[in-house]
Structures are given as structure tokens and as C-alpha cells.
Amino acid sequence: MCSSSVKMFDIISKLEDCLSSDLFNMLCEGGFKFFKVSNNHKVGDYICYASNRQCALPTLSVLEMNFFEIFPWIKDFIKVNVAPHGFALFLSRSGCFLNGLKDVEMLGSKYGYNSMFINKVFRFSVVEKVSHPDSLINLRLKLTENLVKNVICACGGSFDLCNNKVNETISIKVTNKNSYDNDSINIMVGTVITDSPSITLDSYKSIRMTDIMALCDHKLDPVNVLEESNKILNTSIVFDLLQCNVQRSVTLNLNEEESDKKTSCKGSIFVLYNYARLFSLCARFDDEVTAEVYPALPELQNIDFSVLSLDDEWQIMFDLILYWPSVVKKSIIDIKSGRPKLHLILDFLKKMSTTFSQYYHRTRILTEPRIHLLPALFARMRLLKSLLQVYQNAFKLIDVAPLQKM
């Protein structure tokens, strides 16, 4: 289930260690000194340059053969250039577009999943300090438990639903109590602080629904306004309570008269709005194909991705689509210490929405169906349909049902 996109980021983050390994040095007859520019691969194609003045490097064909013998899957994403005493690694943009989108197409709703917890069995318990069920901290505990379970499942783990207590079972306790169980992974969840100590779950939801209707009423379908507003409410609650590291407390200013001091739900609405905008764009393209205004999308291997030359397009590909599997992995990799970084998924959704919004406003995507415009249209629609899939996969992890139209 682990895509080559995940492995690509693994090698970029560990490149110096990989290329300094005894195996690679033996193949290339000597050690290397590396010169890297931090994060340069995000604004260009250059990753690093390595030099060895002690001896000449092998020919390009031999070096590439040696390099791809060690990392066979990386050849789809990286190209090698050789100088007399060194070599440089570059990202192959066309390769990244083609093979990254191929991963999304092949894995679909499982894109971003990995096998980190394959054959691992987990058992969950939630211990509340506040016994009253009508409290925001209990809701935050439950949302944390659900998200941890979803990500563990996405990483190949399974759950002991019958409490069999077999030796191999990993016990996880989600709690806001200052007591630790040595036999469990303890995820300590910070409290929820509001500007009204007596606020209940119902009053919190009522305040949020009032905010949502004020911001979105004219954008919602009059026939389905209750269903759609409840979807927005559920999304806003997830963003309110999981917006920061779960170990930290969350402060919600809900009764402030001044709007700039009030905790806003605009961020969650912005995410939903841009998903709906992207969904509508893809649906409109499909309708035009059905109406024979546009030809059907060609197969991936028949699309010229070199036409995707805009910085926004590379950012969508590299920072969003290719990076999504790493977000899933990073959000849960520290689970054994009881410190998962679940907020990374919400941060990613906000970043994805901002990036797509900028691209949408700067670029006319559905152009006239002229022959010379079709290559760019096809490449962009393949890119955006993959971005839509990443959106859907992220929403699935946080248990949010997005709106398809706003």
C-alpha cells in the first residue's frame, strides 16, 4: 500500500545518509562531500550536488545504473547529471507529475495509506476527568480517539474490538487525567477553555450554527439547508477542537462582541468552499465531455505534463499531492510516545485550500475546446482530479462529509 511518492520523500529527507552509505561509496569508488541548498527542491528542480576530488566518477550510464540499483523506485522521480568530479541530482518534473498521478489513480481512496502498523493490533480506552457527557473536553477526547483510529487503520493497523487482551495487542488510552498507565500508550488531551465556563455542548453548537448561517446562508441550497448546515457544523467542530496539537489546550472565544476577537469558523468554511469549488469544476468538465464539447481525458501516459509550467501547478503536485502520504505518516509516527501530530492533517487541508484558491483565481482552466489548448486542459484536469481525491481522502480521515456545492 506504500506508494512511490512516500519513498520519494524518504530519500529526499535522508539523501545525504543514503548517498554516503558504504554500498553507494563502494559502487562509486570513494566518499563524497555534499553541497545542498535547503528546500531548494520546492522552488526548483535541484536537490543536491556531490563532489569527490580523489577520483573521477563513473560515466553517467554507470552512475545511473548504480544509483537506481540501490533505489530502483526513485528513477521515476529523479534524474542524474554527472560532471568530471561530481554529480547533481534533480527532480524530474514530468516524472513526478506522471508517476505521482499514477499513484493516485491506482490507489484511489487508499492513496496516502501505508503499512507502518501492518499486523499490529490496537485496543482503545477513553478515560474522562469530567464525568458529565455534555462537555467540550469529552467531545475533544472522542474526536481524538476517532482520528487516531482512522489514521492507524490507514497505516495498516487493526483493532481488538472484543477486548481479548492478547499479548501482542497495543493498548492506547486517550485521557485528560494526570495519571499514566504503564501498560498503555497514554495520549494526554488538553482541555477546552471557553469565555463562558458554564457553556454546554448544546449551547456551543447553537452559537456555531448561528455563525455558520450568518456566513453561509445565501450559499446553501434552500431545499437542503438543514443537512448542509449540519455538515458545516460538524466540520467546524473538528477544526475547533483539533486545530492544534492534542496535548495543548484549546481556547474558544465564542461570546465576544468584537468579531476580530471571536474564534472564527471561517477557516473550516474556507476549506469546504474550496473543495466544493474543485468538485464543481471537475463535474463541469465531465458534463462537457458527456456533451461532447471536450474529448475524453487521455490515459496518463498519453498526456504531456511538460505543459504544466506554472509555479502553482508544481506546488499543487509537489507540496500537496506528492506530500499527502508523508502527512499521514507524520501525523501518527510518534504514537508510541503518546504524542501524535493529528493537527498536521487539518493544517494540510487549510494549505491545500489556500493553494488551490490561488491557482483557481490566477488560471483559466476550462478553456475553449480548441486543439492547441487541449494538451494543457488535459494535464490540468488530471492534476485537479488527483487533488480532489486527496481532499476526499483527508476528509475521510477526519470523519467529515464535505459539501459538493456551496
# chains A, B, ... in the order shown; residues from 1 in each chain; ligands from 1
$ residues_around --residues "Leu397 in chain A" --least-positions-apart "4" --cutoff "7 Å" --atoms "only C-alpha atoms" --output "CSV table (one decimal) with N, CA, C and O atoms, in the first residue's frame"
chain,number,residue,atom,x,y,z
A,147,LEU,N,-10.0,10.0,15.3
A,147,LEU,CA,-8.9,10.4,14.3
A,147,LEU,C,-7.7,9.4,14.4
A,147,LEU,O,-7.2,9.0,13.4
A,150,ASN,N,-8.7,6.2,12.9
A,150,ASN,CA,-8.7,6.3,11.4
A,150,ASN,C,-7.3,6.3,10.8
A,150,ASN,O,-7.1,5.6,9.8
A,151,VAL,N,-6.4,7.0,11.4
A,151,VAL,CA,-5.0,7.1,10.8
A,151,VAL,C,-4.3,5.7,11.0
A,151,VAL,O,-3.6,5.3,10.1
A,393,ASN,N,-9.7,11.9,0.6
A,393,ASN,CA,-9.0,11.0,1.5
A,393,ASN,C,-8.8,11.7,2.8
A,393,ASN,O,-8.9,11.0,3.9
$ residues_around --residues "range 335-346 of chain A" --least-positions-apart "3" --cutoff "8 Å" --atoms "only C-alpha atoms" --output "VMD selection string"
chain A and resid 147 to 148 185 to 188 239 242 to 247 327 to 328 330 to 332 349 to 350 394
$ write_last_selection --atoms "N, CA, C and O atoms" --output "short mmCIF file (atom, residue, chain, number, x, y, z; two decimals), in the first residue's frame"
data_model
loop_
_atom_site.label_atom_id
_atom_site.label_comp_id
_atom_site.auth_asym_id
_atom_site.auth_seq_id
_atom_site.Cartn_x
_atom_site.Cartn_y
_atom_site.Cartn_z
N LEU A 147 -9.96 10.02 15.31
CA LEU A 147 -8.95 10.36 14.32
C LEU A 147 -7.73 9.44 14.45
O LEU A 147 -7.18 8.99 13.43
N VAL A 148 -7.31 9.15 15.68
CA VAL A 148 -6.19 8.23 15.87
C VAL A 148 -6.53 6.86 15.27
O VAL A 148 -5.71 6.24 14.57
N ILE A 185 -0.13 3.10 25.96
CA ILE A 185 0.30 4.36 25.37
C ILE A 185 -0.71 5.41 25.83
O ILE A 185 -1.91 5.28 25.58
N ASN A 186 -0.24 6.43 26.52
CA ASN A 186 -1.14 7.45 27.08
C ASN A 186 -1.13 8.69 26.21
O ASN A 186 -0.11 9.37 26.07
N ILE A 187 -2.27 8.99 25.60
CA ILE A 187 -2.41 10.22 24.82
C ILE A 187 -3.14 11.23 25.69
O ILE A 187 -4.34 11.11 25.95
N MET A 188 -2.40 12.21 26.19
CA MET A 188 -2.97 13.23 27.05
C MET A 188 -3.58 14.33 26.19
O MET A 188 -2.90 14.93 25.37
N PHE A 239 -12.45 21.22 13.36
CA PHE A 239 -11.38 22.22 13.26
C PHE A 239 -11.22 22.99 14.57
O PHE A 239 -10.09 23.31 14.96
N LEU A 242 -9.56 20.23 17.17
CA LEU A 242 -8.33 19.53 16.80
C LEU A 242 -7.37 20.42 16.01
O LEU A 242 -6.47 19.94 15.34
N GLN A 243 -7.56 21.74 16.11
CA GLN A 243 -6.77 22.68 15.31
C GLN A 243 -5.31 22.76 15.72
O GLN A 243 -4.46 23.21 14.95
N CYS A 244 -5.00 22.34 16.95
CA CYS A 244 -3.61 22.38 17.42
C CYS A 244 -3.26 21.01 17.98
O CYS A 244 -4.10 20.10 18.05
N ASN A 245 -2.01 20.85 18.37
CA ASN A 245 -1.56 19.59 18.94
C ASN A 245 -2.48 19.18 20.08
O ASN A 245 -2.82 19.99 20.94
N VAL A 246 -2.92 17.92 20.09
CA VAL A 246 -3.94 17.49 21.06
C VAL A 246 -3.46 17.62 22.50
O VAL A 246 -4.29 17.70 23.42
N GLN A 247 -2.14 17.65 22.73
CA GLN A 247 -1.65 17.82 24.10
C GLN A 247 -1.90 19.23 24.63
O GLN A 247 -1.95 19.45 25.83
N VAL A 327 2.23 13.33 5.08
CA VAL A 327 1.42 13.95 6.14
C VAL A 327 0.75 12.87 6.98
O VAL A 327 0.75 12.93 8.22
N VAL A 328 0.18 11.87 6.31
CA VAL A 328 -0.46 10.76 7.04
C VAL A 328 0.57 10.09 7.95
O VAL A 328 0.31 9.83 9.14
N LYS A 330 3.49 11.27 9.12
CA LYS A 330 3.99 12.14 10.19
C LYS A 330 2.96 12.36 11.28
O LYS A 330 3.32 12.61 12.43
N SER A 331 1.67 12.29 10.93
CA SER A 331 0.63 12.57 11.92
C SER A 331 0.56 11.50 13.00
O SER A 331 0.06 11.75 14.09
N ILE A 332 1.07 10.31 12.73
CA ILE A 332 0.91 9.19 13.66
C ILE A 332 2.22 8.52 14.03
O ILE A 332 2.26 7.65 14.90
N LEU A 349 -5.08 20.45 5.08
CA LEU A 349 -6.32 20.82 4.39
C LEU A 349 -6.41 22.32 4.19
O LEU A 349 -6.86 22.79 3.12
N LYS A 350 -5.99 23.09 5.18
CA LYS A 350 -6.03 24.56 5.03
C LYS A 350 -5.03 25.03 3.98
O LYS A 350 -5.33 25.90 3.16
N ALA A 394 -8.45 12.98 2.79
CA ALA A 394 -8.22 13.72 4.04
C ALA A 394 -9.52 13.88 4.82
O ALA A 394 -9.56 13.71 6.05
#
$ residues_around --residues "Pro222 in chain A" --least-positions-apart "6" --cutoff "12 Å" --atoms "only C-alpha atoms" --output "JSON, numbers by chain"
{"A": [213, 216, 228, 229, 406]}
$ atom_distance --atom1 "CA of Ile170 in chain A" --atom2 "CA of Asn182 in chain A"
11.9 Å
$ closest_residue --among "A:Leu373, A:Tyr294, A:Val126, A:Leu388" --to "Tyr275 in chain A" --atoms "only C-alpha atoms"
A:Leu388
$ closest_residue --among "A:Gln392, A:Ser268, A:Ser326, A:Asn146" --to "Lys231 in chain A" --atoms "only C-alpha atoms"
A:Ser268
$ atom_distance --atom1 "CA of Cys96 in chain A" --atom2 "CA of Phe378 in chain A"
16.4 Å
$ select_by_dssp --residues "range 67-295 of chain A" --states "helix (DSSP H, G or I)" --output "ChimeraX atom specification"
/A:67-70,72-76,93-110,136-154,201-219,222-242,259-261,266-290
$ write_last_selection --atoms "C-alpha atoms" --output "mmCIF file, in the first residue's frame"
data_model
loop_
_atom_site.group_PDB
_atom_site.id
_atom_site.type_symbol
_atom_site.label_atom_id
_atom_site.label_comp_id
_atom_site.auth_asym_id
_atom_site.auth_seq_id
_atom_site.Cartn_x
_atom_site.Cartn_y
_atom_site.Cartn_z
ATOM 1 C CA PHE A 67 22.168 4.694 -8.216
ATOM 2 C CA PHE A 68 18.966 3.088 -9.446
ATOM 3 C CA GLU A 69 20.217 -0.367 -8.416
ATOM 4 C CA ILE A 70 20.115 0.862 -4.806
ATOM 5 C CA PRO A 72 15.061 1.381 -8.132
ATOM 6 C CA TRP A 73 11.783 3.197 -7.451
ATOM 7 C CA ILE A 74 13.348 6.658 -7.406
ATOM 8 C CA LYS A 75 14.203 6.652 -11.106
ATOM 9 C CA ASP A 76 10.635 7.738 -11.838
ATOM 10 C CA ARG A 93 9.124 17.305 -13.001
ATOM 11 C CA SER A 94 7.467 15.388 -15.812
ATOM 12 C CA GLY A 95 8.303 12.154 -13.996
ATOM 13 C CA CYS A 96 6.879 13.500 -10.748
ATOM 14 C CA PHE A 97 3.632 14.515 -12.472
ATOM 15 C CA LEU A 98 3.232 11.264 -14.374
ATOM 16 C CA ASN A 99 4.190 8.798 -11.655
ATOM 17 C CA GLY A 100 2.660 10.718 -8.767
ATOM 18 C CA LEU A 101 -0.690 10.964 -10.550
ATOM 19 C CA LYS A 102 -0.362 7.303 -11.488
ATOM 20 C CA ASP A 103 -0.122 6.502 -7.767
ATOM 21 C CA VAL A 104 -3.320 8.435 -7.074
ATOM 22 C CA GLU A 105 -5.157 6.793 -9.962
ATOM 23 C CA MET A 106 -4.036 3.309 -8.923
ATOM 24 C CA LEU A 107 -4.728 3.639 -5.169
ATOM 25 C CA GLY A 108 -7.754 5.952 -5.275
ATOM 26 C CA SER A 109 -9.388 6.190 -1.834
ATOM 27 C CA LYS A 110 -6.348 4.414 -0.338
ATOM 28 C CA LEU A 136 -16.490 20.024 25.243
ATOM 29 C CA ILE A 137 -13.499 18.153 26.645
ATOM 30 C CA ASN A 138 -15.351 14.841 26.317
ATOM 31 C CA LEU A 139 -16.158 15.713 22.724
ATOM 32 C CA ARG A 140 -12.488 16.521 22.103
ATOM 33 C CA LEU A 141 -11.475 13.194 23.631
ATOM 34 C CA LYS A 142 -13.883 11.346 21.350
ATOM 35 C CA LEU A 143 -12.744 13.220 18.225
ATOM 36 C CA THR A 144 -9.111 12.469 19.121
ATOM 37 C CA GLU A 145 -9.872 8.776 19.577
ATOM 38 C CA ASN A 146 -11.706 8.586 16.230
ATOM 39 C CA LEU A 147 -8.949 10.359 14.319
ATOM 40 C CA VAL A 148 -6.195 8.226 15.867
ATOM 41 C CA LYS A 149 -8.156 5.092 14.967
ATOM 42 C CA ASN A 150 -8.706 6.267 11.394
ATOM 43 C CA VAL A 151 -5.036 7.052 10.835
ATOM 44 C CA ILE A 152 -3.870 3.803 12.418
ATOM 45 C CA CYS A 153 -6.264 1.934 10.138
ATOM 46 C CA ALA A 154 -4.872 3.892 7.150
ATOM 47 C CA LEU A 201 -22.261 21.213 24.212
ATOM 48 C CA ASP A 202 -25.720 22.238 23.001
ATOM 49 C CA SER A 203 -25.084 25.944 23.550
ATOM 50 C CA TYR A 204 -21.694 25.669 21.817
ATOM 51 C CA LYS A 205 -23.324 24.039 18.790
ATOM 52 C CA SER A 206 -26.065 26.673 18.792
ATOM 53 C CA ILE A 207 -23.506 29.508 18.763
ATOM 54 C CA ARG A 208 -21.557 27.855 15.974
ATOM 55 C CA MET A 209 -24.707 27.247 13.912
ATOM 56 C CA THR A 210 -25.626 30.937 14.247
ATOM 57 C CA ASP A 211 -22.148 31.883 12.993
ATOM 58 C CA ILE A 212 -22.422 29.446 10.081
ATOM 59 C CA MET A 213 -25.827 30.685 8.967
ATOM 60 C CA ALA A 214 -24.596 34.287 9.066
ATOM 61 C CA LEU A 215 -21.622 33.389 6.856
ATOM 62 C CA CYS A 216 -23.167 30.809 4.529
ATOM 63 C CA ASP A 217 -26.937 31.209 4.407
ATOM 64 C CA HIS A 218 -27.044 32.672 0.897
ATOM 65 C CA LYS A 219 -24.625 29.996 -0.379
ATOM 66 C CA PRO A 222 -32.623 26.179 0.246
ATOM 67 C CA VAL A 223 -34.016 22.654 -0.111
ATOM 68 C CA ASN A 224 -31.181 21.003 1.837
ATOM 69 C CA VAL A 225 -30.172 23.879 4.088
ATOM 70 C CA LEU A 226 -30.511 21.866 7.334
ATOM 71 C CA GLU A 227 -28.429 18.942 6.054
ATOM 72 C CA GLU A 228 -25.767 21.195 4.575
ATOM 73 C CA SER A 229 -25.537 23.462 7.622
ATOM 74 C CA ASN A 230 -25.115 20.390 9.853
ATOM 75 C CA LYS A 231 -22.247 19.191 7.651
ATOM 76 C CA ILE A 232 -20.571 22.581 8.024
ATOM 77 C CA LEU A 233 -21.208 22.490 11.777
ATOM 78 C CA ASN A 234 -19.552 19.069 12.136
ATOM 79 C CA THR A 235 -16.551 20.270 10.129
ATOM 80 C CA SER A 236 -16.234 23.430 12.231
ATOM 81 C CA ILE A 237 -16.303 21.391 15.446
ATOM 82 C CA VAL A 238 -13.461 19.172 14.207
ATOM 83 C CA PHE A 239 -11.378 22.216 13.262
ATOM 84 C CA ASP A 240 -12.210 23.998 16.530
ATOM 85 C CA LEU A 241 -11.168 21.120 18.779
ATOM 86 C CA LEU A 242 -8.327 19.530 16.795
ATOM 87 C CA SER A 259 -15.624 39.871 15.575
ATOM 88 C CA ASP A 260 -11.829 40.124 15.433
ATOM 89 C CA LYS A 261 -11.579 38.674 18.958
ATOM 90 C CA LYS A 266 -14.122 30.889 8.610
ATOM 91 C CA GLY A 267 -11.147 28.539 8.243
ATOM 92 C CA SER A 268 -13.256 25.386 8.131
ATOM 93 C CA ILE A 269 -15.777 27.059 5.813
ATOM 94 C CA PHE A 270 -12.934 28.142 3.521
ATOM 95 C CA VAL A 271 -11.770 24.510 3.280
ATOM 96 C CA LEU A 272 -15.275 23.270 2.460
ATOM 97 C CA TYR A 273 -15.874 26.067 -0.025
ATOM 98 C CA ASN A 274 -12.721 25.318 -1.997
ATOM 99 C CA TYR A 275 -13.454 21.608 -2.023
ATOM 100 C CA ALA A 276 -16.931 22.369 -3.397
ATOM 101 C CA ARG A 277 -15.384 24.688 -5.985
ATOM 102 C CA LEU A 278 -12.940 21.981 -7.085
ATOM 103 C CA PHE A 279 -15.661 19.309 -7.132
ATOM 104 C CA SER A 280 -17.893 21.548 -9.273
ATOM 105 C CA LEU A 281 -15.016 22.276 -11.664
ATOM 106 C CA CYS A 282 -14.323 18.558 -12.193
ATOM 107 C CA ALA A 283 -18.052 17.795 -12.549
ATOM 108 C CA ARG A 284 -18.431 20.593 -15.103
ATOM 109 C CA PHE A 285 -15.590 19.149 -17.148
ATOM 110 C CA ASP A 286 -17.181 15.682 -17.037
ATOM 111 C CA ASP A 287 -20.512 17.165 -18.164
ATOM 112 C CA GLU A 288 -18.785 18.856 -21.090
ATOM 113 C CA VAL A 289 -17.185 15.530 -22.049
ATOM 114 C CA THR A 290 -20.604 13.860 -21.944
#
$ select_by_dssp --residues "range 157-358 of chain A" --states "strand (DSSP E or B)" --output "MDAnalysis selection string"
chainID A and resid 158:159 169:175 185:188 192:194 250:252
$ write_last_selection --atoms "N, CA, C and O atoms" --output "mmCIF file, in the first residue's frame"
data_model
loop_
_atom_site.group_PDB
_atom_site.id
_atom_site.type_symbol
_atom_site.label_atom_id
_atom_site.label_comp_id
_atom_site.auth_asym_id
_atom_site.auth_seq_id
_atom_site.Cartn_x
_atom_site.Cartn_y
_atom_site.Cartn_z
ATOM 1 N N SER A 158 -4.984 -2.794 12.973
ATOM 2 C CA SER A 158 -6.331 -3.316 13.217
ATOM 3 C C SER A 158 -6.642 -3.161 14.699
ATOM 4 O O SER A 158 -5.787 -2.769 15.504
ATOM 5 N N PHE A 159 -7.900 -3.508 15.090
ATOM 6 C CA PHE A 159 -8.347 -3.214 16.447
ATOM 7 C C PHE A 159 -8.919 -4.459 17.125
ATOM 8 O O PHE A 159 -9.581 -5.287 16.495
ATOM 9 N N THR A 169 -1.331 -7.240 21.623
ATOM 10 C CA THR A 169 -2.195 -6.069 21.487
ATOM 11 C C THR A 169 -1.535 -4.851 22.118
ATOM 12 O O THR A 169 -1.012 -4.902 23.229
ATOM 13 N N ILE A 170 -1.574 -3.728 21.391
ATOM 14 C CA ILE A 170 -1.030 -2.458 21.888
ATOM 15 C C ILE A 170 -2.186 -1.646 22.452
ATOM 16 O O ILE A 170 -3.150 -1.336 21.752
ATOM 17 N N SER A 171 -2.114 -1.334 23.727
ATOM 18 C CA SER A 171 -3.187 -0.604 24.397
ATOM 19 C C SER A 171 -2.934 0.902 24.316
ATOM 20 O O SER A 171 -1.824 1.372 24.587
ATOM 21 N N ILE A 172 -3.960 1.650 23.928
ATOM 22 C CA ILE A 172 -3.880 3.108 23.853
ATOM 23 C C ILE A 172 -4.972 3.702 24.724
ATOM 24 O O ILE A 172 -6.146 3.337 24.613
ATOM 25 N N LYS A 173 -4.586 4.604 25.602
ATOM 26 C CA LYS A 173 -5.542 5.287 26.460
ATOM 27 C C LYS A 173 -5.576 6.770 26.086
ATOM 28 O O LYS A 173 -4.546 7.445 26.104
ATOM 29 N N VAL A 174 -6.759 7.258 25.743
ATOM 30 C CA VAL A 174 -6.964 8.666 25.438
ATOM 31 C C VAL A 174 -7.606 9.298 26.669
ATOM 32 O O VAL A 174 -8.698 8.901 27.085
ATOM 33 N N THR A 175 -6.926 10.264 27.260
ATOM 34 C CA THR A 175 -7.385 10.770 28.556
ATOM 35 C C THR A 175 -7.017 12.239 28.741
ATOM 36 O O THR A 175 -6.132 12.762 28.070
ATOM 37 N N ILE A 185 -0.130 3.098 25.957
ATOM 38 C CA ILE A 185 0.298 4.362 25.373
ATOM 39 C C ILE A 185 -0.708 5.410 25.827
ATOM 40 O O ILE A 185 -1.911 5.281 25.576
ATOM 41 N N ASN A 186 -0.244 6.433 26.521
ATOM 42 C CA ASN A 186 -1.141 7.447 27.079
ATOM 43 C C ASN A 186 -1.131 8.692 26.209
ATOM 44 O O ASN A 186 -0.105 9.368 26.074
ATOM 45 N N ILE A 187 -2.267 8.990 25.595
ATOM 46 C CA ILE A 187 -2.407 10.223 24.820
ATOM 47 C C ILE A 187 -3.139 11.232 25.694
ATOM 48 O O ILE A 187 -4.339 11.111 25.950
ATOM 49 N N MET A 188 -2.400 12.205 26.194
ATOM 50 C CA MET A 188 -2.974 13.226 27.053
ATOM 51 C C MET A 188 -3.584 14.326 26.195
ATOM 52 O O MET A 188 -2.900 14.934 25.373
ATOM 53 N N VAL A 192 -10.454 22.168 27.033
ATOM 54 C CA VAL A 192 -11.076 23.174 26.177
ATOM 55 C C VAL A 192 -11.469 24.349 27.059
ATOM 56 O O VAL A 192 -12.282 24.202 27.987
ATOM 57 N N ILE A 193 -10.899 25.513 26.780
ATOM 58 C CA ILE A 193 -11.152 26.723 27.567
ATOM 59 C C ILE A 193 -12.081 27.627 26.764
ATOM 60 O O ILE A 193 -11.834 27.909 25.591
ATOM 61 N N THR A 194 -13.155 28.073 27.384
ATOM 62 C CA THR A 194 -14.083 28.988 26.714
ATOM 63 C C THR A 194 -14.230 30.256 27.547
ATOM 64 O O THR A 194 -13.845 30.300 28.724
ATOM 65 N N VAL A 250 -7.187 24.068 24.093
ATOM 66 C CA VAL A 250 -7.805 24.862 23.033
ATOM 67 C C VAL A 250 -8.627 25.963 23.682
ATOM 68 O O VAL A 250 -9.409 25.697 24.605
ATOM 69 N N THR A 251 -8.457 27.178 23.198
ATOM 70 C CA THR A 251 -9.227 28.312 23.710
ATOM 71 C C THR A 251 -10.235 28.753 22.663
ATOM 72 O O THR A 251 -9.862 29.046 21.515
ATOM 73 N N LEU A 252 -11.513 28.791 23.050
ATOM 74 C CA LEU A 252 -12.579 29.216 22.150
ATOM 75 C C LEU A 252 -13.270 30.443 22.742
ATOM 76 O O LEU A 252 -13.885 30.371 23.808
#
$ closest_residue --among "A:Trp314, A:Ser357, A:Pro325, A:Pro369" --to "Leu383 in chain A" --atoms "only C-alpha atoms"
A:Trp314
$ atom_distance --atom1 "CA of Gln301 in chain A" --atom2 "CA of Tyr111 in chain A"
19.3 Å
